[in-house]
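Asker: Take this structure first; my questions come after.
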Amino acid sequence: MDLVPRPIPSGIVSSASIVNGLMSIVIPVYNEAGKIGNDIQSVCGYFKKDFELIVINDGSTDKTEQILNSYMKKISQLKVIHYAPNRGKGFAVKTGVLTARGEWILFADAGGCVPFSDVEQGLKLIRAGADVAIGSRHLRDSMIKKPQRLYRQWGGTLFRKIVRTLFSIGDIQDTQCGFKLFKHQAARSLFSTQKIEKFMFDLEWIQKAVYSGMDLKEFPVHWNSDGDSRFNPTSGALRTLLDLARIKAQL
């Protein structure tokens with residue numbers, strides 16, 4: 001489906017000039033009027049300088065657009081990309097990543113599930129040579145402050161078993177945590193060929209990264225479950241299986 005009536009501005013997927021020392025933070029949003037203001041303030045409060053914040057409004061139908069536009073008038077480091085209709089989290093993250101100019105690119109979910117201070121753990125891994133640093137809820141030093149509901153925990157356990165059976169993902173334990181840090185060139189290489197537009201996009205590029213020999217490392221995070229997740233466990237389950245099949249077919 002074409003992006004109407006407001007297509008993505010031209011040039012978004014063109015090569016971006018890397019700004020050394022700059023951190024690009026990419027946050028995808030869909031109907032997040034109640035959260036995105038806190039997210040923007042958290043980013044500005046932690047990074048303070050040498051950052052750009054890219055928020056991708058993935059066809060929201062609430063007041064997300066108005067809120068983002070109001071913040072753009074006040075924060076010079078904030079860039080907002082609006083388009084319609086909704087395409088999915090994977091498409092939104094890809095759009096943001098291919099716009100980013102930073103030496104490092106951080107993808108973070110809306111809602112503050114992981115504090116931005118946890119990025120320091122990822123930066124240590126990147127500076128030590130990793131191409132991608134993946135926030136993980138399943139490492140010994142990770143802290144789950146607010147766990148998911150029980151049915152989501154069961155679903156997550158089943159999902160990880162399926163992934164381990166079908167895919168070669170090395171030592172990665174948590175493919176779905178929404179807090180991941182990339183070297184600029186690694187991010188562009190992985191996301192420029194991404195095909196999955198919904199929730200399974202992480203697994204697609206992780207698989208590609210492993211196959212291409214990139215160095216992927218995990219780091220512990222302090223994590224709070226977001227009860228307002230956009231993933232519908234009923235309709236989402238079928239979509240997940242279809243996307244897993246698509247990713248498997250690419251191998």
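Labels for the structure tokens follow display order: chains A, B, ..., residues from 1 in each chain, ligands from 1.
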Skipping near chain neighbours, those fewer than 5 positions away, what residues fall within 6 Å of range 175-190 of chain A using only C-alpha atoms, listed as a list in words?

Answerer: Glu103, Trp104, Ile105, Leu106, Phe107, Ala108, Asp109, Asp131, Val132, Ala133, Ile134, Gly135 and Trp205 of chain A

Asker: Just C-alpha atoms for this one: save the residues we selected as a PDB file, in the first residue's frame.

Answerer:
```pdb
ATOM      1  CA  GLU A 103      28.350   7.296  14.752  1.00  0.00           C
ATOM      2  CA  TRP A 104      26.185   5.101  16.985  1.00  0.00           C
ATOM      3  CA  ILE A 105      22.499   4.367  16.503  1.00  0.00           C
ATOM      4  CA  LEU A 106      20.293   3.365  19.417  1.00  0.00           C
ATOM      5  CA  PHE A 107      16.866   1.887  18.796  1.00  0.00           C
ATOM      6  CA  ALA A 108      14.573   2.160  21.823  1.00  0.00           C
ATOM      7  CA  ASP A 109      10.927   1.298  22.358  1.00  0.00           C
ATOM      8  CA  ASP A 131      29.206  -4.238  15.659  1.00  0.00           C
ATOM      9  CA  VAL A 132      25.900  -4.518  17.518  1.00  0.00           C
ATOM     10  CA  ALA A 133      25.154  -4.460  21.263  1.00  0.00           C
ATOM     11  CA  ILE A 134      21.807  -6.015  22.184  1.00  0.00           C
ATOM     12  CA  GLY A 135      19.991  -5.262  25.416  1.00  0.00           C
ATOM     13  CA  TRP A 205      18.570  -8.642  10.872  1.00  0.00           C
TER      14      TRP A 205
END
```

Asker: Going by DSSP on the backbone, which residues of range 60-227 of chain A come out as strand (DSSP E or B)? List them as number ranges by chain.

Answerer: A: 78-83, 102-108, 132-136, 143-146, 179-183, 216-220, 222-224

Asker: Within 10 Å of Asp118 in chain A, counting only C-alpha atoms, which residues show up once you throw out same-chain ones fewer than 5 positions away? Write them as a count of residues only, please.

Answerer: 8

Asker: Report as a tab-separated table the residues of range 97-212 of chain A within 12 Å of range 61-81 of chain A, each with its shortest atom pair and distance in Å (one decimal), using only C-alpha atoms, ordered by chain and increasing residue number.

Answerer:
```
residue	atom	partner	partner_atom	distance
A:Val97	CA	A:Ile81	CA	11.7
A:Leu98	CA	A:Ile81	CA	11.9
A:Thr99	CA	A:Ile81	CA	9.6
A:Ala100	CA	A:Lys79	CA	9.8
A:Arg101	CA	A:Lys79	CA	11.6
A:Gly102	CA	A:Gln77	CA	11.9
A:Ala110	CA	A:Thr64	CA	11.9
```

Asker: Applying 8 Å and only C-alpha atoms, which residues near Phe116 in chain A remain after dropping the ones on its own chain fewer than 5 positions away? List them as a PyMOL selection string.

Answerer: chain A and resi 42-43+46

Asker: Of the candidates A:Leu22, A:Ile169, A:Ile196, A:Ile56, which one gets nearest to Gly213 in chain A if we count only C-alpha atoms?

Answerer: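 Of all the options, A:Ile169 lies closest to Gly213 in chain A.
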